[in-house]
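Structure below is target_1.cif: mmCIF, C-alpha atoms.
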data_run
loop_
_atom_site.label_atom_id
_atom_site.label_comp_id
_atom_site.auth_asym_id
_atom_site.auth_seq_id
_atom_site.Cartn_x
_atom_site.Cartn_y
_atom_site.Cartn_z
CA MET R 70 -61.89 58.16 80.17
CA SER R 71 -65.40 58.65 78.82
CA PRO R 72 -68.35 56.26 79.45
CA LYS R 73 -68.21 55.46 75.77
CA SER R 74 -64.60 54.34 76.15
CA ASN R 75 -65.54 52.07 79.06
CA GLU R 76 -68.29 50.52 76.99
CA MET R 77 -65.83 49.88 74.19
CA MET R 78 -63.42 48.24 76.57
CA ASP R 79 -66.11 45.98 78.02
CA ASN R 80 -66.95 44.84 74.50
CA HIS R 81 -63.30 44.14 73.70
CA LEU R 82 -62.89 47.35 71.80
CA LEU R 83 -65.88 46.91 69.52
CA GLN R 84 -64.99 43.66 67.83
CA SER R 85 -68.00 44.02 65.56
CA GLU R 86 -68.35 41.09 63.22
CA SER R 87 -71.21 42.78 61.42
CA LEU R 88 -69.00 45.51 59.94
CA THR R 89 -67.70 45.03 56.45
CA ARG R 90 -63.92 44.78 56.17
CA PRO R 91 -61.61 44.61 53.14
CA GLY R 92 -61.11 41.07 51.94
CA PRO R 93 -57.87 39.10 52.36
CA VAL R 94 -55.01 39.34 49.87
CA ALA R 95 -53.39 36.22 48.43
CA ALA R 96 -49.70 35.73 49.22
CA GLU R 97 -48.53 36.39 45.65
CA TYR R 98 -50.39 39.70 45.39
CA ILE R 99 -50.33 43.09 47.04
CA ARG R 100 -53.21 45.55 47.44
CA VAL R 101 -52.86 49.30 47.04
CA GLU R 102 -56.07 51.20 47.71
CA SER R 103 -58.71 49.26 45.73
CA LYS R 104 -56.42 47.53 43.24
CA ILE R 105 -54.57 44.23 43.31
CA TYR R 106 -51.07 43.90 41.85
CA ASP R 107 -48.75 40.99 41.19
CA ALA R 108 -46.23 41.31 44.02
CA ARG R 109 -43.29 39.74 42.19
CA ARG R 110 -43.80 41.87 39.11
CA LEU R 111 -44.25 45.05 41.12
CA ALA R 112 -41.12 44.24 43.14
CA GLU R 113 -39.10 44.00 39.93
CA LEU R 114 -40.40 47.36 38.75
CA HIS R 115 -40.29 49.27 42.04
CA PRO R 116 -37.72 52.11 41.84
CA GLY R 117 -37.13 51.90 45.58
CA GLY R 118 -35.99 48.29 45.40
CA PRO R 119 -37.86 45.00 45.77
CA LEU R 120 -37.61 44.46 49.53
CA PHE R 121 -40.62 46.45 50.71
CA ILE R 122 -42.88 45.07 47.99
CA LYS R 123 -41.87 41.54 48.92
CA ALA R 124 -42.36 42.25 52.62
CA PHE R 125 -45.91 43.53 52.02
CA ALA R 126 -46.88 40.69 49.68
CA GLY R 127 -50.19 39.20 50.84
CA ARG R 128 -51.16 42.49 52.54
CA ASP R 129 -52.62 45.91 51.99
CA ALA R 130 -49.85 48.45 51.34
CA SER R 131 -52.01 51.55 50.82
CA GLN R 132 -50.96 53.36 53.97
CA ALA R 133 -47.35 52.28 53.51
CA PHE R 134 -47.11 53.85 50.06
CA LEU R 135 -48.83 57.00 51.26
CA SER R 136 -46.49 57.59 54.20
CA TYR R 137 -43.31 56.60 52.39
CA HIS R 138 -43.93 58.55 49.18
CA ARG R 139 -46.13 61.44 50.37
CA ARG R 140 -48.37 61.14 47.31
CA GLN R 141 -51.14 59.02 45.86
CA PHE R 142 -50.21 55.74 44.19
CA PRO R 143 -49.69 56.19 40.40
CA HIS R 144 -52.12 53.52 39.21
CA SER R 145 -52.02 54.92 35.66
CA SER R 146 -48.23 54.72 35.33
CA THR R 147 -46.65 52.27 32.91
CA LYS R 148 -44.98 50.27 35.67
CA ALA R 149 -48.15 50.00 37.73
CA LYS R 150 -50.15 48.86 34.71
CA ALA R 151 -47.55 46.17 33.99
CA ALA R 152 -48.15 44.63 37.44
CA TYR R 153 -51.91 45.29 37.64
CA GLU R 154 -54.13 42.26 38.12
CA ARG R 155 -57.67 43.40 39.00
CA ASP R 156 -59.79 45.70 41.12
CA ASP R 157 -60.73 44.61 44.63
CA GLU R 158 -64.48 44.93 44.98
CA THR R 159 -64.28 44.57 48.78
CA VAL R 160 -62.62 47.98 49.07
CA LYS R 161 -64.30 51.30 48.34
CA TYR R 162 -61.44 53.77 48.31
CA SER R 163 -61.60 57.52 47.77
CA LYS R 164 -58.82 60.11 47.70
CA GLU R 165 -60.81 61.95 50.34
CA ASP R 166 -59.96 59.16 52.78
CA ASN R 167 -56.55 60.74 53.35
CA GLN R 168 -57.25 64.33 52.43
CA ASP R 169 -55.85 65.64 55.72
CA PHE R 170 -52.58 63.77 55.29
CA MET R 171 -52.14 65.07 51.75
CA GLU R 172 -52.78 68.61 53.02
CA LEU R 173 -50.03 68.12 55.58
CA CYS R 174 -47.74 66.72 52.89
CA ASP R 175 -48.25 69.88 50.85
CA ARG R 176 -47.22 72.01 53.83
CA VAL R 177 -44.19 69.83 54.59
CA GLU R 178 -43.21 69.99 50.93
CA LYS R 179 -42.81 73.76 51.25
CA VAL R 180 -40.48 73.31 54.21
CA LEU R 181 -38.71 70.19 52.97
CA PRO R 182 -39.05 69.27 49.27
CA ARG R 183 -39.48 65.56 48.64
CA LEU R 184 -36.18 65.17 46.80
CA SER R 185 -34.34 66.89 49.67
CA SER R 186 -35.71 64.62 52.37
CA PHE R 187 -32.92 62.04 52.32
CA ALA R 188 -29.84 62.17 54.52
CA PRO R 189 -27.59 65.27 54.17
CA TRP R 190 -23.86 64.94 53.63
CA TYR R 191 -22.95 65.36 57.30
CA TYR R 192 -25.06 62.33 58.22
CA TYR R 193 -22.51 60.13 56.45
CA LEU R 194 -19.79 61.50 58.73
CA LYS R 195 -21.75 60.20 61.71
CA VAL R 196 -22.20 56.85 59.96
CA ALA R 197 -18.48 56.58 59.24
CA PHE R 198 -17.55 57.43 62.82
CA LEU R 199 -19.96 54.95 64.40
CA LEU R 200 -19.06 52.06 62.11
CA CYS R 201 -15.30 52.68 62.28
CA PHE R 202 -15.44 52.91 66.05
CA VAL R 203 -17.23 49.58 66.58
CA VAL R 204 -15.08 47.73 64.04
CA THR R 205 -11.91 49.11 65.61
CA LEU R 206 -13.06 48.36 69.15
CA GLU R 207 -14.10 44.82 68.27
CA GLY R 208 -10.81 44.22 66.49
CA TYR R 209 -8.92 45.51 69.50
CA MET R 210 -10.83 43.27 71.92
CA HIS R 211 -10.38 40.11 69.83
CA TYR R 212 -6.78 40.74 68.78
CA ASN R 213 -5.61 41.54 72.31
CA ARG R 214 -7.97 39.08 73.99
CA VAL R 215 -9.25 41.87 76.20
CA TYR R 216 -12.86 41.17 77.18
CA SER R 217 -13.65 43.62 79.94
CA TRP R 218 -17.10 44.69 81.03
CA LYS R 219 -16.21 48.35 80.46
CA LEU R 220 -15.31 47.84 76.82
CA SER R 221 -18.32 45.58 76.41
CA ALA R 222 -20.65 48.23 77.83
CA LEU R 223 -19.10 50.84 75.54
CA MET R 224 -19.65 48.53 72.58
CA GLY R 225 -23.29 48.14 73.63
CA LEU R 226 -23.79 51.90 73.70
CA PHE R 227 -22.38 52.30 70.20
CA TYR R 228 -24.44 49.34 68.97
CA ALA R 229 -27.53 51.14 70.24
CA TRP R 230 -26.52 54.32 68.40
CA ILE R 231 -25.98 52.28 65.23
CA GLY R 232 -29.42 50.77 65.67
CA LEU R 233 -31.06 54.16 66.09
CA ASN R 234 -29.02 56.25 63.67
CA ILE R 235 -28.04 53.87 60.86
CA GLN R 236 -30.09 50.71 60.56
CA HIS R 237 -33.35 52.39 61.49
CA ASP R 238 -33.15 55.08 58.81
CA ALA R 239 -31.66 52.68 56.27
CA ASN R 240 -34.27 49.95 56.70
CA HIS R 241 -36.97 52.59 56.32
CA GLY R 242 -35.37 53.65 53.03
CA ALA R 243 -34.70 57.11 54.45
CA VAL R 244 -30.94 57.41 53.96
CA SER R 245 -30.72 57.54 50.18
CA ARG R 246 -32.89 57.48 47.07
CA TYR R 247 -30.69 54.57 45.94
CA HIS R 248 -32.08 51.38 47.46
CA TRP R 249 -28.72 49.60 47.45
CA VAL R 250 -27.32 52.24 49.82
CA ASN R 251 -30.22 51.65 52.21
CA ARG R 252 -29.83 47.86 52.00
CA ALA R 253 -26.07 48.05 52.66
CA LEU R 254 -26.45 50.29 55.71
CA GLY R 255 -29.53 48.37 56.81
CA ALA R 256 -27.33 45.30 57.17
CA SER R 257 -25.81 47.01 60.20
CA GLN R 258 -28.82 45.57 62.03
CA ASN R 259 -27.37 42.11 61.40
CA TRP R 260 -23.92 43.25 62.51
CA ILE R 261 -25.22 44.32 65.93
CA GLY R 262 -27.05 41.02 66.48
CA GLY R 263 -30.49 41.56 65.01
CA SER R 264 -32.06 40.79 61.65
CA ALA R 265 -32.91 43.39 59.03
CA ILE R 266 -35.62 41.20 57.49
CA SER R 267 -37.22 40.36 60.82
CA TRP R 268 -37.09 44.04 61.74
CA VAL R 269 -38.76 45.13 58.49
CA HIS R 270 -41.51 42.55 59.02
CA GLN R 271 -42.07 43.46 62.66
CA HIS R 272 -41.48 47.19 62.54
CA VAL R 273 -42.36 48.43 59.06
CA VAL R 274 -45.03 45.98 57.96
CA GLN R 275 -46.79 45.66 61.32
CA HIS R 276 -45.91 48.29 63.92
CA HIS R 277 -45.88 51.29 61.60
CA MET R 278 -49.05 50.34 59.79
CA HIS R 279 -50.94 49.37 62.95
CA THR R 280 -49.43 51.49 65.71
CA ASN R 281 -50.96 50.72 69.11
CA ASP R 282 -53.52 48.43 67.50
CA VAL R 283 -54.48 46.06 70.32
CA ASN R 284 -54.63 43.13 67.91
CA LEU R 285 -52.23 43.91 65.07
CA ASP R 286 -49.26 45.77 66.58
CA PRO R 287 -46.67 43.25 67.85
CA ASP R 288 -45.29 45.90 70.22
CA MET R 289 -48.60 45.76 72.10
CA ALA R 290 -48.11 42.12 72.99
CA GLY R 291 -46.06 42.78 76.11
CA SER R 292 -45.34 39.60 78.06
CA ALA R 293 -46.66 37.56 80.96
CA PHE R 294 -44.99 40.04 83.32
CA ILE R 295 -45.66 43.28 81.42
CA ARG R 296 -49.25 44.28 80.62
CA LEU R 297 -49.16 46.78 77.78
CA ASN R 298 -52.37 45.63 76.14
CA PRO R 299 -55.67 46.32 77.96
CA LEU R 300 -57.10 43.13 76.47
CA ALA R 301 -54.46 41.03 78.24
CA PRO R 302 -55.37 39.40 81.57
CA LEU R 303 -54.69 41.52 84.64
CA MET R 304 -52.55 39.65 87.18
CA LYS R 305 -51.93 40.61 90.80
CA TYR R 306 -48.23 41.25 90.26
CA HIS R 307 -48.98 43.78 87.51
CA ILE R 308 -49.72 46.27 90.29
CA VAL R 309 -45.97 46.86 90.55
CA GLN R 310 -45.08 46.54 86.87
CA HIS R 311 -44.38 50.26 86.72
CA ILE R 312 -41.43 49.57 89.02
CA TYR R 313 -39.90 46.38 87.66
CA PHE R 314 -40.61 47.31 84.02
CA PHE R 315 -37.54 49.53 83.87
CA PHE R 316 -35.38 46.72 85.24
CA LEU R 317 -36.69 44.08 82.84
CA LEU R 318 -35.64 46.25 79.90
CA ALA R 319 -32.08 45.11 80.63
CA ILE R 320 -32.78 41.65 79.15
CA TYR R 321 -34.14 43.05 75.89
CA GLY R 322 -30.76 42.78 74.16
CA PHE R 323 -30.59 39.03 74.74
CA SER R 324 -34.15 38.69 73.51
CA VAL R 325 -33.41 40.49 70.24
CA VAL R 326 -30.49 38.23 69.35
CA ILE R 327 -32.40 35.03 70.12
CA GLN R 328 -35.78 36.11 68.80
CA SER R 329 -34.41 37.55 65.56
CA PHE R 330 -32.80 34.22 64.72
CA LEU R 331 -35.97 32.28 65.52
CA ASN R 332 -38.08 34.73 63.52
CA VAL R 333 -36.11 34.23 60.31
CA VAL R 334 -35.88 30.48 60.83
CA TYR R 335 -39.62 30.02 61.34
CA GLY R 336 -40.66 32.92 59.11
CA SER R 337 -42.97 34.50 61.62
CA HIS R 338 -43.22 37.23 64.21
CA HIS R 339 -46.72 37.96 65.47
CA THR R 340 -47.85 37.14 61.92
CA ALA R 341 -46.29 35.08 59.13
CA MET R 342 -43.68 36.68 56.93
CA SER R 343 -44.21 36.96 53.21
CA PRO R 344 -43.12 33.82 51.32
CA LEU R 345 -41.21 36.11 48.98
CA LEU R 346 -38.73 36.77 51.80
CA VAL R 347 -37.50 33.17 52.01
CA PRO R 348 -34.18 33.80 50.18
CA HIS R 349 -33.49 36.78 52.45
CA ARG R 350 -34.23 34.68 55.54
CA VAL R 351 -31.55 32.15 54.60
CA PHE R 352 -28.91 34.89 54.48
CA GLU R 353 -30.19 36.45 57.71
CA SER R 354 -29.93 33.12 59.54
CA PHE R 355 -26.32 32.84 58.45
CA MET R 356 -25.60 36.36 59.73
CA SER R 357 -27.08 35.49 63.14
CA ILE R 358 -24.71 32.51 63.36
CA ILE R 359 -21.81 34.80 62.47
CA PHE R 360 -22.76 37.12 65.33
CA VAL R 361 -22.75 34.23 67.82
CA CYS R 362 -19.34 33.17 66.53
CA ARG R 363 -18.01 36.72 66.97
CA TRP R 364 -19.29 37.33 70.48
CA VAL R 365 -19.64 33.89 72.07
CA LEU R 366 -17.44 31.27 70.41
CA LEU R 367 -14.40 33.38 69.51
CA PRO R 368 -14.02 35.02 72.95
CA LEU R 369 -14.41 31.65 74.69
CA TYR R 370 -11.97 30.03 72.29
CA GLN R 371 -9.36 32.68 73.04
CA VAL R 372 -9.99 32.91 76.78
CA PRO R 373 -11.92 29.77 77.86
CA GLU R 374 -13.27 31.09 81.15
CA LEU R 375 -16.73 31.85 82.49
CA ASP R 376 -15.64 35.42 83.16
CA THR R 377 -15.05 35.85 79.44
CA PHE R 378 -18.70 35.24 78.66
CA LEU R 379 -19.88 37.28 81.63
CA SER R 380 -17.74 40.21 80.52
CA THR R 381 -19.67 40.41 77.24
CA VAL R 382 -23.06 40.52 78.98
CA PRO R 383 -23.00 44.35 79.44
CA MET R 384 -22.93 44.73 75.67
CA TYR R 385 -26.36 43.10 75.35
CA MET R 386 -27.72 44.86 78.41
CA VAL R 387 -26.63 48.39 77.49
CA CYS R 388 -27.63 48.12 73.84
CA GLY R 389 -30.96 46.46 74.58
CA TYR R 390 -31.85 48.80 77.42
CA TYR R 391 -31.10 51.94 75.44
CA LEU R 392 -33.17 50.80 72.47
CA ALA R 393 -36.11 49.40 74.44
CA PHE R 394 -36.28 52.35 76.82
CA PHE R 395 -36.78 55.05 74.21
CA PHE R 396 -39.13 52.97 72.08
CA SER R 397 -41.23 52.07 75.11
CA ILE R 398 -41.77 55.56 76.47
CA SER R 399 -42.71 56.94 73.04
CA HIS R 400 -45.87 54.81 72.70
CA ASN R 401 -46.72 54.16 76.34
CA PHE R 402 -47.71 57.34 78.14
CA SER R 403 -50.68 58.62 80.07
CA GLY R 404 -53.53 59.53 77.74
CA VAL R 405 -52.20 57.57 74.77
CA PHE R 406 -54.72 56.30 72.24
CA MET R 407 -55.15 52.60 71.61
CA LEU R 408 -56.85 51.41 68.47
CA GLU R 409 -58.59 48.43 66.96
CA ASP R 410 -58.67 47.10 63.42
CA THR R 411 -56.48 49.75 61.80
CA THR R 412 -56.82 47.89 58.48
CA ARG R 413 -60.16 49.56 57.85
CA GLU R 414 -60.49 52.51 55.55
CA ALA R 415 -61.84 55.66 57.18
CA SER R 416 -62.82 59.01 55.72
CA SER R 417 -61.73 62.34 57.14
CA GLU R 418 -65.13 62.93 58.67
CA ASP R 419 -64.68 59.83 60.80
CA THR R 420 -61.52 61.37 62.36
CA GLY R 421 -60.00 57.94 61.88
CA THR R 422 -57.57 58.77 59.13
CA PHE R 423 -54.04 57.49 58.87
CA LEU R 424 -52.74 60.86 60.05
CA TYR R 425 -54.98 60.95 63.10
CA LYS R 426 -54.16 57.40 64.17
CA GLN R 427 -50.41 57.88 63.86
CA VAL R 428 -50.33 61.14 65.81
CA VAL R 429 -52.51 60.10 68.76
CA SER R 430 -50.61 56.83 69.31
CA SER R 431 -47.15 58.41 69.52
CA SER R 432 -45.30 61.12 71.42
CA ASN R 433 -42.20 63.28 71.10
CA VAL R 434 -39.57 64.16 73.68
CA GLY R 435 -36.67 66.63 73.79
CA GLY R 436 -35.25 68.41 70.77
CA ARG R 437 -32.32 68.60 68.37
CA VAL R 438 -29.63 67.29 70.74
CA LEU R 439 -31.52 64.11 71.56
CA CYS R 440 -32.41 63.82 67.88
CA PHE R 441 -28.70 63.72 67.01
CA PHE R 442 -27.92 60.90 69.43
CA ASN R 443 -31.16 58.93 69.02
CA GLY R 444 -31.51 59.09 65.28
CA GLY R 445 -34.64 61.24 65.48
CA LEU R 446 -36.61 58.60 67.36
CA ASN R 447 -37.49 61.24 69.94
CA TYR R 448 -39.64 62.73 67.15
CA GLN R 449 -41.90 59.69 66.96
CA ILE R 450 -44.89 61.58 65.57
CA GLU R 451 -42.99 62.97 62.61
CA HIS R 452 -41.27 59.63 62.11
CA HIS R 453 -44.52 57.67 62.02
CA LEU R 454 -46.04 60.10 59.56
CA PHE R 455 -42.97 60.34 57.32
CA PRO R 456 -40.72 57.28 57.89
CA ARG R 457 -38.84 57.85 54.64
CA ILE R 458 -37.65 61.30 55.68
CA SER R 459 -34.17 61.24 57.19
CA HIS R 460 -34.19 61.83 60.94
CA CYS R 461 -31.89 64.81 60.37
CA HIS R 462 -34.91 66.75 59.10
CA TYR R 463 -37.41 65.96 61.86
CA PRO R 464 -36.67 69.12 63.88
CA THR R 465 -37.21 71.12 60.68
CA ILE R 466 -40.69 69.75 59.93
CA SER R 467 -41.91 69.28 63.52
CA HIS R 468 -43.26 72.82 63.85
CA THR R 469 -45.26 72.40 60.63
CA VAL R 470 -46.71 69.09 61.81
CA HIS R 471 -47.53 70.45 65.27
CA GLN R 472 -49.22 73.54 63.87
CA TYR R 473 -51.35 71.49 61.48
CA CYS R 474 -52.44 69.14 64.26
CA GLN R 475 -53.44 72.09 66.41
CA GLU R 476 -55.54 73.50 63.59
CA LYS R 477 -57.31 70.15 63.12
CA GLY R 478 -57.75 69.51 66.84
CA ILE R 479 -55.57 66.39 66.78
CA PRO R 480 -53.84 65.65 70.14
CA TYR R 481 -50.09 66.20 69.70
CA VAL R 482 -48.02 65.14 72.71
CA HIS R 483 -44.51 66.52 73.17
CA PHE R 484 -42.58 66.09 76.43
CA ASN R 485 -39.96 68.74 77.05
CA THR R 486 -37.69 66.38 78.96
CA VAL R 487 -37.04 62.65 79.15
CA TRP R 488 -37.92 62.76 82.84
CA GLU R 489 -41.41 64.08 82.05
CA ASN R 490 -41.82 61.26 79.55
CA ILE R 491 -40.69 58.68 82.13
CA ARG R 492 -43.19 59.96 84.68
CA SER R 493 -46.00 59.76 82.14
CA CYS R 494 -44.95 56.25 81.08
CA THR R 495 -44.81 55.16 84.74
CA LYS R 496 -48.32 56.51 85.32
CA HIS R 497 -49.53 54.64 82.25
CA LEU R 498 -47.98 51.34 83.38
CA LEU R 499 -49.47 51.77 86.86
CA ASP R 500 -52.86 52.38 85.30
CA LEU R 501 -52.65 49.23 83.19
CA GLY R 502 -51.36 47.24 86.14
CA SER R 503 -54.08 48.43 88.51
CA HIS R 504 -57.27 48.39 86.45
CA GLN R 505 -58.79 45.87 84.10
CA THR R 506 -60.18 48.90 82.26
CA PRO R 507 -57.45 51.58 82.35
CA LYS R 508 -58.64 55.05 83.34
CA ASN R 509 -56.08 57.15 81.47
CA VAL R 510 -56.07 55.38 78.11
CA ASN R 511 -58.15 56.63 75.21
CA PHE R 512 -59.81 53.90 73.18
CA PHE R 513 -60.61 54.97 69.67
CA GLU R 514 -63.64 53.69 67.80
CA GLN R 515 -63.12 53.81 64.07
CA LYS R 516 -66.24 54.05 61.98
CA VAL R 517 -66.52 52.08 58.79
CA LYS R 518 -68.06 53.32 55.58
CA SER R 519 -70.96 51.32 54.22
CA GLN R 520 -69.92 49.35 51.20
#
Is it possible to express this structure as structure tokens?
Amino acid sequence: MSPKSNEMMDNHLLQSESLTRPGPVAAEYIRVESKIYDARRLAELHPGGPLFIKAFAGRDASQAFLSYHRRQFPHSSTKAKAAYERDDETVKYSKEDNQDFMELCDRVEKVLPRLSSFAPWYYYLKVAFLLCFVVTLEGYMHYNRVYSWKLSALMGLFYAWIGLNIQHDANHGAVSRYHWVNRALGASQNWIGGSAISWVHQHVVQHHMHTNDVNLDPDMAGSAFIRLNPLAPLMKYHIVQHIYFFFLLAIYGFSVVIQSFLNVVYGSHHTAMSPLLVPHRVFESFMSIIFVCRWVLLPLYQVPELDTFLSTVPMYMVCGYYLAFFFSISHNFSGVFMLEDTTREASSEDTGTFLYKQVVSSSNVGGRVLCFFNGGLNYQIEHHLFPRISHCHYPTISHTVHQYCQEKGIPYVHFNTVWENIRSCTKHLLDLGSHQTPKNVNFFEQKVKSQ
């Protein structure tokens, strides 16, 4: 790590109060580039459905629109004008700010036209198989009162595949151009014990927009036992976190079920949810209760023994471990970039564009086979750049993305095998657990344009 990076770390990653930042957005509005829109009105008019507009209410959605639609926001359109409120004088936006990303979009368009980027027909065969399997297996277990750890573990594995292949694409709006299809399949997140609304708030609104931001990405929070954030206190036991980290992942499944319910009840996860999501939160809370009835109360009612509950534990462990493992290694590897204040606008000459920040904070692993099983989440770079493209197409566009990054000198990390990725992640965790200022982490200083 360069001396400049050490200096940044010592100053808490350049928390410069003197730099001008975009102003806050009121809860009933949404900002796109330098314009403020009425969130409720825009939600009613949005062709992709109201959920994302509601979720981003009170925030800046410039980067979200750019990555999801692969084009500039149509401020002059009839629908946009109907929701327009005023210009935001605190933001000086130029189309040149994301010129590199638009250039990449043009290249991807030649390989994968925008209207062809949703799920192909054979994806629905995978969806049908996964959903039919879990419904049939759950029916078999309840009807026959058979709660074995083997069946429970198998259920957990299929729940993980549903999470990666169905709910993830659907809640990103990547399955279909029809928002009701995405919402219906996105509800599979509730079926496997999570919350679609909590996930959208945590994953889409925060993680995707502020990937590896030491202050704004909830996935950087870690815990008292896991130090993922270099700003977190370094404890003595962190020296061995690279060992016990892979064991603690086993409790992630329990955490998701409990935390998802609490998130929708209190309307917060890392930051407060949009008030426009309140009606959705009521439904989500009900679905969490249904899940507990299905996998705690009903089994115990039918077979009132401690072994009954213990036999369902592998379901949470297998599902949670599978999900947490692949998400963890994709953003935690030796040489990864960590960022600060990703809300700021940056021009191409600052090398702090949306494209740059997304690529350097993610990594890929494996190829088409792993893509099939993991819903394309092994292509994290392509996914973070184009979350509304179905994962089925990531292998197709990856060469184009890689080639463009090479031309622009943007670090593009791809591990050939999962084992290589694990080794790099282990090295990264050891680094964070051994040094207050990690040696193999790149800290990125984003410049800010004078306003």
Residues selected by the PyMOL selection byres ((chain R and resi 140-143) around 12), written as a PDB file with C-alpha atoms, keeping the file's coordinate frame:
ATOM      1  CA  ARG R 100     -53.210  45.550  47.440  1.00  0.00           C
ATOM      2  CA  VAL R 101     -52.860  49.300  47.040  1.00  0.00           C
ATOM      3  CA  GLU R 102     -56.070  51.200  47.710  1.00  0.00           C
ATOM      4  CA  SER R 103     -58.710  49.260  45.730  1.00  0.00           C
ATOM      5  CA  LYS R 104     -56.420  47.530  43.240  1.00  0.00           C
ATOM      6  CA  HIS R 115     -40.290  49.270  42.040  1.00  0.00           C
ATOM      7  CA  ALA R 130     -49.850  48.450  51.340  1.00  0.00           C
ATOM      8  CA  SER R 131     -52.010  51.550  50.820  1.00  0.00           C
ATOM      9  CA  GLN R 132     -50.960  53.360  53.970  1.00  0.00           C
ATOM     10  CA  ALA R 133     -47.350  52.280  53.510  1.00  0.00           C
ATOM     11  CA  PHE R 134     -47.110  53.850  50.060  1.00  0.00           C
ATOM     12  CA  LEU R 135     -48.830  57.000  51.260  1.00  0.00           C
ATOM     13  CA  SER R 136     -46.490  57.590  54.200  1.00  0.00           C
ATOM     14  CA  TYR R 137     -43.310  56.600  52.390  1.00  0.00           C
ATOM     15  CA  HIS R 138     -43.930  58.550  49.180  1.00  0.00           C
ATOM     16  CA  ARG R 139     -46.130  61.440  50.370  1.00  0.00           C
ATOM     17  CA  HIS R 144     -52.120  53.520  39.210  1.00  0.00           C
ATOM     18  CA  SER R 145     -52.020  54.920  35.660  1.00  0.00           C
ATOM     19  CA  SER R 146     -48.230  54.720  35.330  1.00  0.00           C
ATOM     20  CA  THR R 147     -46.650  52.270  32.910  1.00  0.00           C
ATOM     21  CA  LYS R 148     -44.980  50.270  35.670  1.00  0.00           C
ATOM     22  CA  ALA R 149     -48.150  50.000  37.730  1.00  0.00           C
ATOM     23  CA  LYS R 150     -50.150  48.860  34.710  1.00  0.00           C
ATOM     24  CA  TYR R 153     -51.910  45.290  37.640  1.00  0.00           C
ATOM     25  CA  TYR R 162     -61.440  53.770  48.310  1.00  0.00           C
ATOM     26  CA  SER R 163     -61.600  57.520  47.770  1.00  0.00           C
ATOM     27  CA  LYS R 164     -58.820  60.110  47.700  1.00  0.00           C
ATOM     28  CA  GLU R 165     -60.810  61.950  50.340  1.00  0.00           C
ATOM     29  CA  ASP R 166     -59.960  59.160  52.780  1.00  0.00           C
ATOM     30  CA  ASN R 167     -56.550  60.740  53.350  1.00  0.00           C
ATOM     31  CA  GLN R 168     -57.250  64.330  52.430  1.00  0.00           C
ATOM     32  CA  PHE R 170     -52.580  63.770  55.290  1.00  0.00           C
ATOM     33  CA  MET R 171     -52.140  65.070  51.750  1.00  0.00           C
ATOM     34  CA  GLU R 172     -52.780  68.610  53.020  1.00  0.00           C
ATOM     35  CA  LEU R 173     -50.030  68.120  55.580  1.00  0.00           C
ATOM     36  CA  CYS R 174     -47.740  66.720  52.890  1.00  0.00           C
ATOM     37  CA  ASP R 175     -48.250  69.880  50.850  1.00  0.00           C
ATOM     38  CA  GLU R 178     -43.210  69.990  50.930  1.00  0.00           C
ATOM     39  CA  ARG R 183     -39.480  65.560  48.640  1.00  0.00           C
ATOM     40  CA  PHE R 455     -42.970  60.340  57.320  1.00  0.00           C
TER      41      PHE R 455
END
**Report entry** Reference answer for the PyMOL selection byres ((chain R and resi 309-321) around 8), as a PyMOL selection string
**Finding:** chain R and resi 294-296+306-308+322-325+385-387+389-390+393-394+495-496+498-499+502
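The interatomic distance for the pair CA of Val180 in chain R and CA of Gly478 in chain R works out to 21.7 Å.
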Query raised in the report: Counting all atoms listed in the file, what is within 12 Å of Phe406 in chain R, bar same-chain residues fewer than 6 positions away, as a PyMOL selection string?
Result: chain R and resi 70+74+280-283+298-299+400+421+425-432+479-482+497+507-515
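Under the PyMOL selection byres ((chain R and resi 225) around 6), the matching residues in the shown file are Ala222, Leu223, Met224, Leu226, Phe227, Tyr228, Met384, Val387 and Cys388 of chain R.
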Query - Spatial neighbours of Phe121 in chain R, 10 Å, all atoms listed in the file, chain gap at least 6 places, as a PyMOL selection string - result: chain R and resi 112+115+130+133-134+240-242+266+269-270+273-274+346
Query raised in the report: So which residues touch Ser221 in chain R within 8 Å, counting all atoms listed in the file, skipping near sequence neighbours fewer than 3 positions away, as a PyMOL selection string?
Result: chain R and resi 216-218+224-225+380-384
Query - Atomic separation - CA of Ala95 in chain R relative to CA of His279 in chain R, Å - result: 19.7 Å
**Report entry** Which of R:Cys201, R:Leu375, R:Val470, R:Leu120 sits closest to His453 in chain R [using all atoms listed in the file]
**Finding:** R:Val470
Which residues of range 354-382 of chain R sit at most 12 Å from range 252-263 of chain R, using all atoms listed in the file? Give each one's shortest atom pair and distance in Å (one decimal place), in chain and ascending residue order, as a Markdown table.
| residue | atom | partner | partner_atom | distance |
| --- | --- | --- | --- | --- |
| R:Ser354 | CA | R:Asn259 | CA | 9.5 |
| R:Phe355 | CA | R:Asn259 | CA | 9.8 |
| R:Met356 | CA | R:Asn259 | CA | 6.2 |
| R:Ser357 | CA | R:Gly262 | CA | 6.5 |
| R:Ile358 | CA | R:Gly262 | CA | 9.4 |
| R:Ile359 | CA | R:Trp260 | CA | 8.7 |
| R:Phe360 | CA | R:Gly262 | CA | 5.9 |
| R:Val361 | CA | R:Gly262 | CA | 8.1 |
| R:Cys362 | CA | R:Gly262 | CA | 11.0 |
| R:Arg363 | CA | R:Trp260 | CA | 9.9 |
| R:Trp364 | CA | R:Gly262 | CA | 9.5 |
| R:Val365 | CA | R:Gly262 | CA | 11.7 |
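Here CA of Tyr370 in chain R is placed at a distance of 21.0 Å from CA of Val203 in chain R.
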